Amino acid sequence: MRGEPVAVVGIGQTKHVSARHDVSIAGLVREAARRALDDAELDWADIDAVVIGKAPDFFEGVMMPELYLADALGAVGKPLLRVHTAGSVGGSTALVAANLVAARVHGIVLTLAFEKQSESNAMWGLSLPIPFQQPLLAGAGGFFAPHIRAYMRRTGAPDTIGSLVAYKDRRNALKNPCAHLHEKDITLEKVQSSPMLWDPIRYSETCPSSDGACAMVLTGEAGAARSPHPPAWVHGGAMRSEPTMFAGKDYVSPRAGRDCAADVYRQAGVTDPRREIDAVEMYVPFSWYEPMWLENLGFAAEGEGWKLTESGVTELDGDLPVNPSGGVLSANPIGASGMIRFAEAALQVRGRAGEHQVDGARRALGHAYGGGAQFFSMWLVGSERPVG
Amino acid sequence: MMPREVAIVAFAQAPTVRRSDQLSEVELLMPVLHDVLGQVGLRAGEIGFTCSGSSDYLAGRAFSFTMALDGVGAWPPISESHVEMDGAWALYEAWVALLTGQADTALVYAYGKSSPGSVRDVLTRQLDPYYVAPLWPDSVSLAALQAQALIDAGHTDERELAGIAARSRTAAEANPSAQLVGSAPPDVLLAEEYVVQPLRRHDCPPVGDGAAAVVLAAGDTALDLCPRPAWIHGIDHRVEAHSLGVRDLTDSPSTRLAAEHAGLFEAPVDTAELHAPFTSQEVVLRRALGLDEEVAVNPSGGALAANPVMAAGLIRLGEAAAAVHRGESQRAVAHATSGPCLQQNLVAVLEAR
């Protein structure tokens, strides 16, 4: 990032669950925002601007809900921006907020992303009507399953890799109090014998549908100096998009993802991501996307990603922990999921991830994607202020 | 470090029409994108940052903007973002990105097709989902409440509102993209029935489908791309409380605050493009912005002549910039609004140098 160095000084999440019947949409976002402010030891009046993101408005049945949420977000009299870039939106929203600080337009920005999926049925919300999509393509799983199958064919990965990812992430989630799924009696056998939903994706290899919100307070150098807890510094951030479908599109390893990662690494001065990055929070809605993204993001050579998963490198105590929070597989308030990845990466380098802390994490990557594997947003955060 | 200077260097729009059944959003948008990029001689891949504004609720499907991206031709992949807001806010996001120095040029576009549904009903889905939306108060009825409050406060009367309608649609005769062009004199307009008292048909915007795009550029790049760039002296936006019951509908403090931050009050302007879909809202905005009779307000005809929802605010910025490009304006103010009764407002001050 150029301009003013950007620091994350406050992070707040709700406990993600399948249905928050006890709060309104306003109550949900305010809970996360209040926790982020408390973490930063700031109050509503300290905030200069609010940037909010969420996935399609149809999920709650409210058109441009930020208008109604202006009061709950403490945004009255302030600038309020609403980002929507499909599944990558949580990440994009954080980057838009970071730009406001980097450009020195604002000193302290509250950014927040949410989804209250219990208000609707996300699977059918994601199933576009004819003529936009062929019939019988139910939900995101129906869209992504063939691309996972293509990855398996291309790399010769054993059938069991996906279940290893799910087993790892669901166990990591037991150490994360905010995670939606806390499956205390999870076993690898249970994952492998769960019902097949979209071949080769089994029920236990699929993200849940969650209500939840995530908020962060971003500021510049002066704000970071006043921060009561160690900040996370933004070393690089980027977005990349490509069309939904075109001849020659590589759904297994989309170029937009590779380009986005390369841009982030260039900004952060990272030349060997596998060695220089200590933890990764990547957007894995279906288990197989871990090995796929390991390759796409440059952590493994093409065709080699599944070997990192299989050998335990991505375990919480492995060489490159992936999704120590439990990831999207353990909590998926869709619009917030990207920001949770960004926030969890920041928690790691702040040393504030609690039981799922990766020892000595100094640099962490937050990753989100959306649409037909076409929208990507990423940031790399570090415990040290970026040089230069 | 001196902050970067950013300018609007090109503007294009589709003619706003009542229905465009035969065109998808992509087909509506593509000629506009070709036009605006052609003006600066750039291809989509040469643009540093792209940002758009649109609404799934108008399109009637989730992720509607993903298909619109096909109109841009995002291959090789581009640095791109989207706001679920009027395109004026997409321009704001792009302006911030250019200020950081991560890009030197930006493409901003917006589109809206109101024709597939009833936009009066669709906009009720913007309201508080627990206490207001279940009552389905439509956008014209809410604007009528605001207009009546203005009349009761002595800030305007129905004759003045008819004059605003006639002036706007007469001005639109010079605008080939306008939808509703020409007007009967106010006396004739005032003989019409009310739609929702005190608003008559002439006080309301036409319902239409449209699209618009601008190109932004920073510093010397702007001078390379445009002989007379419209420099963004300042741009800011503010939101008010959502509940109409806690707001003074006769005033727009968010517009005034945004104008202060945009530097409007530092020097006079000669031109104003105000996003006032209803005649009565022009009265509110003129007062908030302190515009006197010397200022040419909505020489394009404004939103009363063409109001493609989600693009109409960006068109105000584009029209004001185009006036600077043509040498017709030295300093112009452009305004965009969103939400019921001017809840959220953006103000930009554009200058020739």
# chains A, B, ... in the order shown; residues from 1 in each chain; ligands from 1

$ interface_residues --of "chain A" --to "chain B" --cutoff "6 Å" --atoms "only C-alpha atoms" --output "count of residues only"
23

$ select_by_dssp --residues "stretch 11-256 of chain A" --states "helix (DSSP H, G or I)" --output "PyMOL selection string"
chain A and resi 25-40+44-46+57-59+66-69+89-102+117-119+122-125+139-155+161-173+188-192+203-205+221-225+255-256

$ write_last_selection --atoms "C-alpha atoms" --output "PDB file, in the first residue's frame"
ATOM      1  CA  ILE A  25     -30.088  -6.742  11.475  1.00  0.00           C
ATOM      2  CA  ALA A  26     -29.174  -3.469  13.179  1.00  0.00           C
ATOM      3  CA  GLY A  27     -28.544  -5.275  16.455  1.00  0.00           C
ATOM      4  CA  LEU A  28     -26.264  -7.770  14.735  1.00  0.00           C
ATOM      5  CA  VAL A  29     -24.006  -5.188  13.072  1.00  0.00           C
ATOM      6  CA  ARG A  30     -23.896  -3.016  16.168  1.00  0.00           C
ATOM      7  CA  GLU A  31     -22.686  -5.924  18.294  1.00  0.00           C
ATOM      8  CA  ALA A  32     -19.642  -6.488  16.054  1.00  0.00           C
ATOM      9  CA  ALA A  33     -18.956  -2.761  15.695  1.00  0.00           C
ATOM     10  CA  ARG A  34     -19.128  -2.192  19.464  1.00  0.00           C
ATOM     11  CA  ARG A  35     -16.657  -5.031  20.067  1.00  0.00           C
ATOM     12  CA  ALA A  36     -14.217  -3.567  17.504  1.00  0.00           C
ATOM     13  CA  LEU A  37     -14.489  -0.142  19.163  1.00  0.00           C
ATOM     14  CA  ASP A  38     -13.926  -1.703  22.590  1.00  0.00           C
ATOM     15  CA  ASP A  39     -10.850  -3.533  21.307  1.00  0.00           C
ATOM     16  CA  ALA A  40      -9.464  -0.209  20.043  1.00  0.00           C
ATOM     17  CA  TRP A  44     -18.542   6.094  18.040  1.00  0.00           C
ATOM     18  CA  ALA A  45     -17.555   9.774  18.037  1.00  0.00           C
ATOM     19  CA  ASP A  46     -13.936   8.862  17.205  1.00  0.00           C
ATOM     20  CA  ASP A  57     -29.413  -7.675  -0.750  1.00  0.00           C
ATOM     21  CA  PHE A  58     -31.831 -10.532  -1.472  1.00  0.00           C
ATOM     22  CA  PHE A  59     -30.297 -12.502   1.422  1.00  0.00           C
ATOM     23  CA  GLU A  66     -26.895   0.499   4.847  1.00  0.00           C
ATOM     24  CA  LEU A  67     -29.456   3.314   4.564  1.00  0.00           C
ATOM     25  CA  TYR A  68     -31.543   1.768   7.321  1.00  0.00           C
ATOM     26  CA  LEU A  69     -28.383   0.826   9.264  1.00  0.00           C
ATOM     27  CA  VAL A  89     -16.958  -8.405  -0.549  1.00  0.00           C
ATOM     28  CA  GLY A  90     -15.735  -8.685   3.045  1.00  0.00           C
ATOM     29  CA  GLY A  91     -12.163  -8.346   1.831  1.00  0.00           C
ATOM     30  CA  SER A  92     -12.939  -5.641  -0.717  1.00  0.00           C
ATOM     31  CA  THR A  93     -14.773  -3.650   1.941  1.00  0.00           C
ATOM     32  CA  ALA A  94     -11.711  -3.699   4.207  1.00  0.00           C
ATOM     33  CA  LEU A  95      -9.524  -2.593   1.289  1.00  0.00           C
ATOM     34  CA  VAL A  96     -11.823   0.317   0.425  1.00  0.00           C
ATOM     35  CA  ALA A  97     -11.638   1.378   4.083  1.00  0.00           C
ATOM     36  CA  ALA A  98      -7.852   0.964   4.085  1.00  0.00           C
ATOM     37  CA  ASN A  99      -7.613   3.204   1.016  1.00  0.00           C
ATOM     38  CA  LEU A 100      -9.461   5.980   2.847  1.00  0.00           C
ATOM     39  CA  VAL A 101      -6.724   5.925   5.498  1.00  0.00           C
ATOM     40  CA  ALA A 102      -3.869   5.421   2.994  1.00  0.00           C
ATOM     41  CA  GLN A 117     -28.729 -15.601   6.293  1.00  0.00           C
ATOM     42  CA  SER A 118     -31.529 -16.865   8.506  1.00  0.00           C
ATOM     43  CA  GLU A 119     -33.670 -14.148   6.907  1.00  0.00           C
ATOM     44  CA  ALA A 122     -29.015 -18.650   0.695  1.00  0.00           C
ATOM     45  CA  MET A 123     -28.783 -21.730  -1.485  1.00  0.00           C
ATOM     46  CA  TRP A 124     -31.769 -20.662  -3.557  1.00  0.00           C
ATOM     47  CA  GLY A 125     -30.725 -17.031  -3.317  1.00  0.00           C
ATOM     48  CA  GLY A 139     -26.496 -23.317  -5.022  1.00  0.00           C
ATOM     49  CA  ALA A 140     -22.786 -22.547  -5.022  1.00  0.00           C
ATOM     50  CA  GLY A 141     -21.880 -26.216  -4.474  1.00  0.00           C
ATOM     51  CA  GLY A 142     -23.459 -27.144  -7.782  1.00  0.00           C
ATOM     52  CA  PHE A 143     -21.376 -24.495  -9.482  1.00  0.00           C
ATOM     53  CA  PHE A 144     -18.042 -25.367  -7.866  1.00  0.00           C
ATOM     54  CA  ALA A 145     -18.204 -29.213  -7.735  1.00  0.00           C
ATOM     55  CA  PRO A 146     -17.199 -29.698 -11.398  1.00  0.00           C
ATOM     56  CA  HIS A 147     -14.180 -27.435 -10.919  1.00  0.00           C
ATOM     57  CA  ILE A 148     -13.079 -29.479  -7.906  1.00  0.00           C
ATOM     58  CA  ARG A 149     -13.450 -32.627 -10.012  1.00  0.00           C
ATOM     59  CA  ALA A 150     -11.290 -30.947 -12.663  1.00  0.00           C
ATOM     60  CA  TYR A 151      -8.621 -30.257 -10.031  1.00  0.00           C
ATOM     61  CA  MET A 152      -8.644 -33.908  -8.906  1.00  0.00           C
ATOM     62  CA  ARG A 153      -8.259 -35.135 -12.493  1.00  0.00           C
ATOM     63  CA  ARG A 154      -5.553 -32.605 -13.275  1.00  0.00           C
ATOM     64  CA  THR A 155      -3.404 -33.334 -10.222  1.00  0.00           C
ATOM     65  CA  ILE A 161      -7.750 -34.793   0.616  1.00  0.00           C
ATOM     66  CA  GLY A 162     -10.996 -32.870   0.948  1.00  0.00           C
ATOM     67  CA  SER A 163     -11.965 -34.729   4.100  1.00  0.00           C
ATOM     68  CA  LEU A 164      -8.564 -33.952   5.675  1.00  0.00           C
ATOM     69  CA  VAL A 165      -9.205 -30.226   5.171  1.00  0.00           C
ATOM     70  CA  ALA A 166     -12.682 -30.434   6.681  1.00  0.00           C
ATOM     71  CA  TYR A 167     -11.436 -32.483   9.648  1.00  0.00           C
ATOM     72  CA  LYS A 168      -8.658 -29.951  10.302  1.00  0.00           C
ATOM     73  CA  ASP A 169     -10.832 -26.840   9.969  1.00  0.00           C
ATOM     74  CA  ARG A 170     -13.629 -28.211  12.154  1.00  0.00           C
ATOM     75  CA  ARG A 171     -11.071 -29.092  14.852  1.00  0.00           C
ATOM     76  CA  ASN A 172      -9.511 -25.624  14.591  1.00  0.00           C
ATOM     77  CA  ALA A 173     -12.987 -24.162  15.054  1.00  0.00           C
ATOM     78  CA  LEU A 188     -12.226 -38.171  10.154  1.00  0.00           C
ATOM     79  CA  GLU A 189     -14.513 -41.164   9.678  1.00  0.00           C
ATOM     80  CA  LYS A 190     -17.578 -39.021  10.326  1.00  0.00           C
ATOM     81  CA  VAL A 191     -16.447 -36.521   7.683  1.00  0.00           C
ATOM     82  CA  GLN A 192     -15.784 -39.289   5.178  1.00  0.00           C
ATOM     83  CA  TYR A 203     -21.994 -32.509   3.657  1.00  0.00           C
ATOM     84  CA  SER A 204     -19.127 -32.153   6.164  1.00  0.00           C
ATOM     85  CA  GLU A 205     -16.924 -30.589   3.493  1.00  0.00           C
ATOM     86  CA  GLU A 221       0.418   5.989  12.129  1.00  0.00           C
ATOM     87  CA  ALA A 222      -0.794   8.423  14.787  1.00  0.00           C
ATOM     88  CA  GLY A 223      -3.796   6.260  15.557  1.00  0.00           C
ATOM     89  CA  ALA A 224      -1.624   3.163  15.817  1.00  0.00           C
ATOM     90  CA  ALA A 225       0.645   4.937  18.306  1.00  0.00           C
ATOM     91  CA  ARG A 255      -5.549 -15.918 -13.334  1.00  0.00           C
ATOM     92  CA  ALA A 256      -7.264 -13.126 -11.370  1.00  0.00           C
TER      93      ALA A 256
END

$ select_by_dssp --residues "stretch 181-363 of chain A" --states "strand (DSSP E or B)" --output "PyMOL selection string"
chain A and resi 196-198+201-202+206+211-219+232-241+279-281+286+322+363

$ closest_residue --among "B:Gly318, B:Gly302, B:Gly112, B:Gly327" --to "B:Ile164" --atoms "only C-alpha atoms"
B:Gly302

$ residues_around --residues "B:Ala217" --least-positions-apart "3" --cutoff "8 Å" --atoms "only C-alpha atoms" --output "PyMOL selection string"
chain B and resi 6-9+98+104-106+221-222

$ write_last_selection --atoms "N, CA and C atoms" --output "PDB file, in the first residue's frame"
ATOM      1  N   VAL B   6      -6.927  15.061  -9.006  1.00  0.00           N
ATOM      2  CA  VAL B   6      -7.659  14.100  -9.845  1.00  0.00           C
ATOM      3  C   VAL B   6      -8.739  14.853 -10.621  1.00  0.00           C
ATOM      4  N   ALA B   7      -8.935  14.479 -11.873  1.00  0.00           N
ATOM      5  CA  ALA B   7      -9.933  15.157 -12.709  1.00  0.00           C
ATOM      6  C   ALA B   7     -10.818  14.153 -13.428  1.00  0.00           C
ATOM      7  N   ILE B   8     -12.036  14.603 -13.747  1.00  0.00           N
ATOM      8  CA  ILE B   8     -12.898  13.865 -14.678  1.00  0.00           C
ATOM      9  C   ILE B   8     -12.473  14.289 -16.081  1.00  0.00           C
ATOM     10  N   VAL B   9     -12.051  13.319 -16.903  1.00  0.00           N
ATOM     11  CA  VAL B   9     -11.527  13.663 -18.228  1.00  0.00           C
ATOM     12  C   VAL B   9     -12.451  13.223 -19.364  1.00  0.00           C
ATOM     13  N   LEU B  98      -7.279   6.619  -6.638  1.00  0.00           N
ATOM     14  CA  LEU B  98      -6.297   7.426  -7.374  1.00  0.00           C
ATOM     15  C   LEU B  98      -5.451   8.282  -6.427  1.00  0.00           C
ATOM     16  N   ASP B 104      -3.337   5.562 -11.952  1.00  0.00           N
ATOM     17  CA  ASP B 104      -3.343   6.913 -12.525  1.00  0.00           C
ATOM     18  C   ASP B 104      -4.634   7.218 -13.266  1.00  0.00           C
ATOM     19  N   THR B 105      -5.367   6.143 -13.640  1.00  0.00           N
ATOM     20  CA  THR B 105      -6.633   6.334 -14.348  1.00  0.00           C
ATOM     21  C   THR B 105      -7.681   5.403 -13.752  1.00  0.00           C
ATOM     22  N   ALA B 106      -8.934   5.814 -13.867  1.00  0.00           N
ATOM     23  CA  ALA B 106     -10.031   4.973 -13.376  1.00  0.00           C
ATOM     24  C   ALA B 106     -11.220   5.079 -14.316  1.00  0.00           C
ATOM     25  N   THR B 221      -1.388  12.938 -16.214  1.00  0.00           N
ATOM     26  CA  THR B 221      -2.143  12.016 -17.074  1.00  0.00           C
ATOM     27  C   THR B 221      -3.452  12.661 -17.506  1.00  0.00           C
ATOM     28  N   ALA B 222      -4.080  13.397 -16.598  1.00  0.00           N
ATOM     29  CA  ALA B 222      -5.338  14.073 -16.935  1.00  0.00           C
ATOM     30  C   ALA B 222      -5.118  15.065 -18.072  1.00  0.00           C
TER      31      ALA B 222
END
